[in-house]
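Input: a single structure, listed below in structure tokens.
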Amino acid sequence: MRSRVAHAVFAIVALCSLPLGGQVHQPRHSRYPNSPSNDPQLQIPTDQAQSCFTPASRRNGYEQFEQFDSYPQPASRGYLCINIPSGDRTFVIDHLFAEADYDSAPPAEPEWYLDSVTGSYELMTGFAAQRAGSATAKPHYILSEGVHLAAAAGTRVTLIMHDYFIAANNSVTETPGSASLTILGHWE
């Protein structure tokens, strides 16, 4: 009788612990194709926080925040970052304007991403940049988009505007040039 009870207890323990072996957690993989967990190009380097611009603000009415960069400067590499001033209000981005001169023409039209981070919440929105005329020989791209994006006070807003491609010798080439980002919006 004890043998049957011992076998029954062993069988129950074995069956109950069987699902635990199947619960091995894989690395987080987003279901969204253009998320940083799926595309390493969209992962913002940890040194970007050092070069993130924090503008002075009235935190009232309409405001415009701008960031300019030329990529020979350290820690830029295709990222323009603005910290929305802290406080108890929300800044609503009404219009996004950005432009960049690339060192050489990318093989396809670049897609730029606006990455907004507040605490552990991240929102990434993609925009297609359009080639425009330029006063120099370098390819010039612009983005002018009417948007309605809420950014809580203290949000870090980064425009990822680099473009990677595989060169003929199979090396990864980055082709940014000088750039600017302008965010126009209002406080609510």
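Ligands are numbered from 1 in the order shown, residues from 1 within each chain, and chains are lettered A, B, ... in the order they appear in the structure tokens.
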Strand (DSSP E) positions in region 80-165 of chain A, given as a ChimeraX atom specification
/A:80-83,90-101,111-118,121-128,130-132,140-152,156-160,164-165
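Taking only C-alpha atoms into account, Thr125 (chain A) lies nearest to A:Val147 out of the set A:Ala98, A:Ile84, A:Val147, A:Ala105.
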Could you give me, as a list in words, the residues within 8 Å of Leu184 (chain A), counting only C-alpha atoms and dropping anything in the same chain fewer than 2 positions from it?
Tyr62, Glu63, Gln64, Phe65, Ile93, Asp94, His95, Leu96, Thr182 and His186 of chain A
Rank nothing, just name the residue among A:Ser178, A:Gln130, A:Ser120, A:Asn60 nearest to Tyr79 (chain A), using only C-alpha atoms.
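Closest candidate: A:Ser178.
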Among A:Gln67, A:Thr155, A:Ser134, A:Thr54, Ala179 (chain A) is approached most closely, using only C-alpha atoms, by A:Gln67
